[in-house]
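Enquirer: Dropping a structure here in structure tokens format, bear with me for questions.
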There are 2 protein chains.
Amino acid sequence: YCKRKHKDKKTLTLDTLNPQVKAVEYAVRGPIVIKAGEIERYLEEGGTKPFSEVIKANIGDAHAMGQKPITFLRQVVALCTFPELMDSPSFPEDAKRRARRILQGCGGHSLGSYSASPGVECIRKDIAAYIEQRDEGVPSDWENIYLTTGASDGIMTILRLLVSGKDSSRTGVMIPIPQYPLYSAAISEMDAVQVNYYLDEDNCWALDINELHRSYQAAKQHCQPRVICIINPGNPTGQVQSKKCIEEVLHFAYEENLFVMSDEVYQDNVYAPDCQFHSFKKVLYEMGPEYFNSVELVSFHSTSKGYTGECGFRGGYMEVINMDPEVKAQLVKLLSVRLCPPLAGQAAMDVIVNPPQPEEHTFKQFHQEKSSVLGALAEKAKLTEKILNAVPGIKCNPVQGAMYAFPRIFIPPKAVEEAKALGMQPDMLYCLRLLEETGICVVPGSGFGQKDGTYHFRMTILPSIEKLKVLLGKVRDFHIGFLKEYSGLE
Amino acid sequence: YCKRKHKDKKTLTLDTLNPQVKAVEYAVRGPIVIKAGEIERYLEEGGTKPFSEVIKANIGDAHAMGQKPITFLRQVVALCTFPELMDSPSFPEDAKRRARRILQGCGGHSLGSYSASPGVECIRKDIAAYIEQRDEGVPSDWENIYLTTGASDGIMTILRLLVSGKDSSRTGVMIPIPQYPLYSAAISEMDAVQVNYYLDEDNCWALDINELHRSYQAAKQHCQPRVICIINPGNPTGQVQSKKCIEEVLHFAYEENLFVMSDEVYQDNVYAPDCQFHSFKKVLYEMGPEYFNSVELVSFHSTSKGYTGECGFRGGYMEVINMDPEVKAQLVKLLSVRLCPPLAGQAAMDVIVNPPQPEEHTFKQFHQEKSSVLGALAEKAKLTEKILNAVPGIKCNPVQGAMYAFPRIFIPPKAVEEAKALGMQPDMLYCLRLLEETGICVVPGSGFGQKDGTYHFRMTILPSIEKLKVLLGKVRDFHIGFLKEYSGLE
Ligand SMILES: Cc1ncc(COP(=O)(O)O)c(C=O)c1O
Ligand SMILES: Cc1ncc(COP(=O)(O)O)c(C=O)c1O
């Protein structure tokens with residue numbers, strides 16, 4: 001009776017799955033995080049552990065760690081969502097003005113319409129104005145601005161243009177190591193060649209131009225490096241690049257005709273007093289027209305980080321400089337297939353680039369909320385570095401910016417052996433045990449890449465000061481115990 | 001002085017662009033729509049045309065055409081966005097209860113946190129409950145539900161699993177012709193093989209099982225067809241499939257081990273009194289366990305259509321049945337790279353699957369608003385068919401569902417010749433002239449696919465009744481004039 005040609009055989013199995021999907025790795029939500037979820041459920045159901053709660057320091061998700069939204073941003077988005085609130089006296093006029101303007105730019109004056117694929121025109125204009133101001137007058141053309149569904153979407157889209165499926169194994173994409181694993185995942189998915197350049201841990205994770213040259217020359221033996229990705233401020237490394245370093249990168253890209261992707265989602269997250277955010281675009285401008293009119297540069301921003309931490313809105317934009325107009329038309333076509341980025345995210349992005357001004361009534365509260373978030377992050381950055389560096393066998397570079405510490409951890413040879421016997425990265429073993437014994441969830445350095453034979457973990461500095469102190473104390477105790485256990489000193 | 005290796009040469013040009021991107025076509029936002037935008041700007045700047053406004057009937061964007069949002073949905077999303085509104089007496093308790101529940105499921109109780117990659121757990125549960133109810137008790141497991149960034153995102157993601165980049169030219173994806181061009185675009189981008197099966201225009205665009213067999217057998221000569229896509233109710237064709245037809249498709253998929261992708265975003269848009277929406281899942285269930293436990297089926301839904309028309313929120317979900325658990329783990333990994341779908345869209349989806357119930361205070365208004373939207377659509381569906389069929393040289397199938405008419409238009413041989421001389425599809429010439437002479441923006445049938453030698457255009461039925469009447473009258477006059485001109489009868 002059964003006429004099925006291949007009975008009991010699925011059409012889609014691990015064997016028939018797109019192998020590029022299989023090759024993707026994504027540590028930030030990997031096995032450790034799945035395990036953490038299991039433990040949380042176990043605790044909820046009344047199970048017992050040597051700790052009462054899981055502290056998640058694995059992902060840059062500020063609101064999940066208790067950070068409060070910026071009131072003004074939410075007011076504007078709520079007004080856009082439910083315009084009847086325009087009549088409510090409890091919403092400030094400054095917010096209403098912005099909401100009205102955004103809705104004016106939407107089809108049918110509704111957040112429920114599709115926008116043009118590159119985003120709502122007035123929001124693109126606000127972003128361009130913001131960039132000009134941020135970069136002290138360097139011109140920004142709103143038609144170079146494309147709203148995105150989080151920075152992730154923008155990064156994937158630009159890589160998609162650059163990496164051709166057919167001879168993709170020939171396209172080299174230069175990325176920092178350690179990196180944010182979206183990059184390696186995208187490279188795997190698109191079957192490009194990942195070209196690693198190593199950040200200099202001994203030099204506060206600075207980008208070393210000689211290492212760039214080395215990496216490029218080595219890659220040229222087996223692929224065509226066409227694009228260089230930079231994350232500044234760095235994730236997971238937290239460094240903020242100097243102007244000189246950026247100049248060197250841009251000069252290098254200029255000489256070698258590399259397309260530059262500059263991930264600047266942490267541009268508002270700079271804490272070290274001796275550091276400053278320099279946009280790649282501004283530095284390029286200051287290098288002169290020879291550079292500014294030729295280097296192809298895309299920079300990415302997001303609502304997810306900064307002082308707003310609005311990850312769930314999936315807002316973001318990219319600014320595209322010196323892109324061939326024909327390619328730009330292709331980019332718009334590609335974006336149009338997915339129709340448009342979410343409108344609430346676009347509205348949130350608009351508030352970030354067009355926040356209350358000193359002369360506005362809402363400025364004081366806005367400024368207070370913003371400073372409070374950034375002040376706490378700066379304090380936690382210092383605290384984390386200080387406490388970690390006091391632990392024997394842990395060495396942590398200053399957290400100059402972003403939201404993460406990426407300490408180097410000494411793992412005794414016996415633990416390394418044990419991990420290898422288990423078919424596991426040594427820092428995975430370390431992080432799994434940390435999780436099981438203390439409830440602290442951090443991500444192994446191997447998920448971001450690191451020099452062979454070195455081990456790290458990445459933790460966010462997002463928990464509240466109190467929780468962060470508890471967390472760091474537990475890490476210290478765990479680490480000391482771990483060293484004892486595996487050094488046979490017990 | 002200039003050390004640039006390839007001076008004046010861009011890194012990324014049409015020549016070096018990923019050729020799969022170049023191959024993508026996307027008519028819904030193609031040349032006609034770009035032209036429409038130009039004309040709009042020209043009119044705004046005081047230019048004159050034989051018409052005073054452009055009427056856009058090119059895209060299923062209800063709010064842009066003046067449809068009002070469902071109050072209750074917006075109330076819930078506004079409450080989630082700005083929870084201070086929980087204290088406002090002007091928001092109904094029914095909406096507050098839902099918003100509280102959604103926020104309870106969000107990290108830090110904030111719409112600003114990333115959700116789990118498959119979506120907020122309680123929303124997934126609400127969706128599963130909704131499906132069970134819709135399908136009169138057919139079980140739905142919430143762990144099979146994945147929230148998406150609009151249905152577009154879900155469709156792309158599932159295709160990504162099925163189409164492998166390396167030997168992609170061997171994976172056949174069966175799609176209806178005419179089709180919604182997201183499918184052909186995705187197939188081009190992923191370099192799969194598009195396998196066309198033609199809907200039967202003479203039979204109200206029904207899907208004919210013999211044509212499926214023909215298409216499959218023909219495709220097997222040069223590729224491996226692995227997946228069949230169905231759009232029901234149809235876009236651009238507006239047909240609603242009969243239960244018998246769905247059974248035949250599922251039986252065919254069962255026999256040939258095809259993965260089934262069922263695009264059901266118009267499930268709430270059925271107007272013809274003799275038609276009813278049957279979900280592929282329910283029909284599969286009723287075919288018995290032999291089928292229900294084996295056919296791999298994904299169905300897609302969206303906030304963009306139905307009676308809500310919330311396109312800008314980019315909400316949607318897919319239900320995945322009989323997927324190999326190992327593949328599911330890979331799917332989750334792939335989703336996690338993009339972090340999560342937008343939370344406001346997830347919240348909007350929750351309202352759609354969990355709307356006010358008859359015993360709730362908000363029911364009356366909700367029901368009124370919903371009926372009013374669907375009632376107007378039904379009226380416009382009939383009106384469109386009737387007026388178009390009264391025009392000589394236009395033949396339009398009944399608009400049984402969805403939001404579009406796809407009339408067949410007679411184009412005189414002289415016009416066909418003229419178009420060919422211009423290197424243009426004949427229906428593109430027709431639609432361009434329609435736009436330039438009347439301001440009406442519709443999409444040529446060639447953007448969706450059609451039998452060789454037949455010509456169509458797609459128009460939405462979304463304009464208000466008054467506008468729709470004007471539009472249809474102008475189409476009639478234009479068509480008559482066009483026939484006259486090219487038949488040499490003038
Ligand atoms: C360096 C970097 N880039 C991009 C992203 C993506 O962020 P989103 O897609 O939420 O904007 C992140 C998120 O953590 C990041 O750290
Ligand atoms: C058949 C069909 N599928 C999917 C989509 C995508 O809709 P969205 O991504 O807005 O959910 C559309 C949009 O028009 C459609 O018509």
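So you can find residues: chains in the structure tokens are A, B, ... in the order shown, residues in each start at 1, and ligands are numbered from 1 in order.
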Would you mind listing what lies within 9 Å of segment 304-315 of chain B as a ChimeraX atom specification, with only C-alpha atoms counted and same-chain residues fewer than 6 positions away left out?
Expert: /A:110-115,340-345 /B:60-63,67-70,73,147-152,265-269,341-349,352,369-374,402-403
Enquirer: Quick one: write out the picked residues with N, CA and C atoms as a compact mmCIF listing (two decimals), in the first residue's frame?
Expert:
```
# COMPACT_ATOMS: atom_id res chain seq x y z
N SER A 110 1.62 55.25 9.23
CA SER A 110 1.53 54.12 10.16
C SER A 110 2.83 53.33 10.23
N LEU A 111 3.19 52.96 11.45
CA LEU A 111 4.32 52.08 11.68
C LEU A 111 4.05 50.68 11.12
N GLY A 112 2.82 50.45 10.69
CA GLY A 112 2.44 49.14 10.16
C GLY A 112 2.63 49.01 8.67
N SER A 113 3.13 50.06 8.02
CA SER A 113 3.38 49.92 6.58
C SER A 113 4.84 49.53 6.37
N TYR A 114 5.09 48.88 5.25
CA TYR A 114 6.48 48.64 4.86
C TYR A 114 7.11 50.00 4.58
N SER A 115 8.36 50.19 4.97
CA SER A 115 9.07 51.39 4.51
C SER A 115 9.77 51.06 3.21
N CYS A 340 11.70 45.27 4.21
CA CYS A 340 12.25 46.41 4.95
C CYS A 340 12.61 46.00 6.37
N PRO A 341 13.44 46.80 7.04
CA PRO A 341 13.73 46.54 8.45
C PRO A 341 12.52 46.93 9.31
N PRO A 342 12.43 46.38 10.51
CA PRO A 342 11.26 46.66 11.36
C PRO A 342 11.14 48.15 11.67
N LEU A 343 9.93 48.67 11.59
CA LEU A 343 9.73 50.10 11.73
C LEU A 343 9.98 50.58 13.16
N ALA A 344 9.62 49.77 14.16
CA ALA A 344 9.86 50.20 15.54
C ALA A 344 11.37 50.35 15.77
N GLY A 345 12.14 49.46 15.19
CA GLY A 345 13.60 49.56 15.29
C GLY A 345 14.12 50.79 14.58
N GLY B 60 1.36 44.63 -1.39
CA GLY B 60 0.34 44.32 -0.39
C GLY B 60 0.64 45.01 0.93
N ASP B 61 0.50 46.34 0.93
CA ASP B 61 0.89 47.15 2.08
C ASP B 61 -0.35 47.92 2.53
N ALA B 62 -1.16 47.25 3.35
CA ALA B 62 -2.51 47.74 3.64
C ALA B 62 -2.52 49.12 4.28
N HIS B 63 -1.68 49.33 5.29
CA HIS B 63 -1.70 50.62 6.00
C HIS B 63 -1.30 51.76 5.07
N GLN B 67 -5.59 51.62 5.28
CA GLN B 67 -6.24 50.73 6.26
C GLN B 67 -5.78 51.11 7.67
N LYS B 68 -6.73 51.14 8.61
CA LYS B 68 -6.40 51.54 9.98
C LYS B 68 -5.95 50.33 10.79
N PRO B 69 -4.99 50.53 11.69
CA PRO B 69 -4.57 49.40 12.52
C PRO B 69 -5.71 48.94 13.44
N ILE B 70 -5.62 47.67 13.84
CA ILE B 70 -6.55 47.14 14.84
C ILE B 70 -6.15 47.74 16.20
N LEU B 73 -4.50 45.50 19.00
CA LEU B 73 -3.13 45.09 18.72
C LEU B 73 -2.15 46.20 19.09
N LEU B 147 9.39 31.94 15.77
CA LEU B 147 9.06 33.29 15.34
C LEU B 147 10.07 33.73 14.28
N THR B 148 9.64 34.59 13.37
CA THR B 148 10.51 35.06 12.28
C THR B 148 10.37 36.57 12.08
N THR B 149 11.29 37.12 11.32
CA THR B 149 11.24 38.55 10.96
C THR B 149 10.40 38.68 9.69
N GLY B 150 9.10 38.62 9.85
CA GLY B 150 8.22 38.51 8.68
C GLY B 150 8.32 37.10 8.11
N ALA B 151 7.35 36.72 7.30
CA ALA B 151 7.41 35.40 6.68
C ALA B 151 8.63 35.30 5.76
N SER B 152 9.01 36.42 5.15
CA SER B 152 10.16 36.42 4.22
C SER B 152 11.37 35.75 4.85
N VAL B 265 0.35 32.85 4.51
CA VAL B 265 0.25 34.19 5.11
C VAL B 265 -1.13 34.82 4.86
N TYR B 266 -1.86 34.32 3.86
CA TYR B 266 -3.19 34.89 3.59
C TYR B 266 -4.31 34.02 4.16
N GLN B 267 -4.01 33.23 5.18
CA GLN B 267 -5.00 32.29 5.69
C GLN B 267 -6.27 32.97 6.19
N ASP B 268 -6.18 34.22 6.60
CA ASP B 268 -7.39 34.93 7.05
C ASP B 268 -8.06 35.71 5.92
N ASN B 269 -7.49 35.64 4.73
CA ASN B 269 -8.02 36.42 3.60
C ASN B 269 -8.73 35.53 2.59
N PRO B 341 14.18 37.52 16.23
CA PRO B 341 13.27 38.40 15.49
C PRO B 341 12.88 39.59 16.36
N PRO B 342 12.43 40.68 15.75
CA PRO B 342 12.09 41.87 16.52
C PRO B 342 10.98 41.59 17.52
N LEU B 343 11.16 42.10 18.73
CA LEU B 343 10.22 41.78 19.80
C LEU B 343 8.85 42.41 19.59
N ALA B 344 8.79 43.61 19.03
CA ALA B 344 7.49 44.24 18.79
C ALA B 344 6.70 43.39 17.80
N GLY B 345 7.37 42.86 16.80
CA GLY B 345 6.72 41.97 15.84
C GLY B 345 6.25 40.69 16.50
N GLN B 346 7.04 40.18 17.44
CA GLN B 346 6.61 38.98 18.17
C GLN B 346 5.35 39.28 18.98
N ALA B 347 5.35 40.45 19.61
CA ALA B 347 4.18 40.84 20.41
C ALA B 347 2.95 40.98 19.52
N ALA B 348 3.13 41.60 18.34
CA ALA B 348 2.01 41.75 17.42
C ALA B 348 1.48 40.38 17.00
N MET B 349 2.39 39.46 16.73
CA MET B 349 1.98 38.11 16.36
C MET B 349 1.16 37.48 17.49
N ILE B 352 -2.39 38.49 17.36
CA ILE B 352 -3.13 37.86 16.26
C ILE B 352 -3.57 36.45 16.64
N GLU B 369 -13.80 46.02 14.12
CA GLU B 369 -12.70 46.47 13.27
C GLU B 369 -12.28 45.36 12.30
N LYS B 370 -12.18 44.16 12.83
CA LYS B 370 -11.77 43.02 12.00
C LYS B 370 -12.77 42.79 10.87
N SER B 371 -14.05 42.75 11.22
CA SER B 371 -15.07 42.50 10.20
C SER B 371 -15.10 43.60 9.16
N SER B 372 -14.86 44.79 9.62
CA SER B 372 -14.92 45.90 8.68
C SER B 372 -13.80 45.79 7.65
N VAL B 373 -12.59 45.44 8.10
CA VAL B 373 -11.49 45.27 7.15
C VAL B 373 -11.79 44.12 6.19
N LEU B 374 -12.18 42.98 6.74
CA LEU B 374 -12.38 41.80 5.89
C LEU B 374 -13.59 41.98 4.99
N ALA B 402 -6.59 36.23 -0.59
CA ALA B 402 -5.40 37.08 -0.61
C ALA B 402 -5.79 38.54 -0.88
N MET B 403 -4.98 39.29 -1.61
CA MET B 403 -5.23 40.74 -1.74
C MET B 403 -4.97 41.25 -3.15
```
Enquirer: Could you pull out the strand (DSSP E or B) residues of segment 122-267 of chain B from DSSP and send them as a ChimeraX atom specification?
Expert: /B:145-149,171-177,193-198,200,206,224-231,259-263
Enquirer: Calculated over only C-alpha atoms and all ligand atoms, which of the candidates A:Leu339, A:Leu388, A:Val470, A:Cys396 has the smallest distance to ligand 2?
Expert: A:Leu339
Enquirer: Go through B:Ile32, B:Val351, B:Val163, B:Ala272 and flag the residue nearest chain A, using only C-alpha atoms for the distances.
Expert: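 Ranking B:Ile32, B:Val351, B:Val163, B:Ala272 by distance to chain A, first place goes to B:Val163.
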Enquirer: Using atom CA of Cys106 of chain A and atom CA of Lys35 of chain B as the two end points, give the distance in Å to one decimal.
Expert: 19.3 Å
Enquirer: Between atom CA of Phe363 of chain A and atom CA of Phe72 of chain A, what is the distance in Å, rounded to a tenth?
Expert: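 Atom-to-atom, atom CA of Phe363 of chain A and atom CA of Phe72 of chain A are spaced 9.1 Å apart.
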Enquirer: Taking 6 positions as the minimum chain separation for residues in the same chain, which residues sit within 9 Å of segment 240-254 of chain A when counting only C-alpha atoms? Answer as a PyMOL selection string.
Expert: (chain A and resi 205-209+212-213+227-228+232-234+260+270+272+275-280+283-284+287+291+294-296+399-402) or (chain B and resi 3-5)
Enquirer: In terms of the shortest atom-to-atom distance over only C-alpha atoms and all ligand atoms, which of B:Ile394, B:Asp200, B:Ser117, B:Ala419 is closest to ligand 1?
Expert: B:Ser117
Enquirer: Considering only C-alpha atoms, state which residue in the set B:Gly288, B:Pro83, B:Gly423, B:Gly66 is at the smallest distance from Gly108 of chain A.
Expert: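 Checking each candidate against Gly108 of chain A, we get B:Gly66 as the closest.
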Enquirer: Go through A:Arg74, A:His301, A:Arg124, A:Arg98 and flag the residue nearest chain B, using only C-alpha atoms for the distances.
Expert: A:Arg74
Enquirer: Kindly indicate which residue among B:Phe300, B:Phe51, B:Phe259, B:Phe292 lies nearest to chain A, using only C-alpha atoms for the distances.
Expert: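 For chain A, the nearest of the given residues is B:Phe259.
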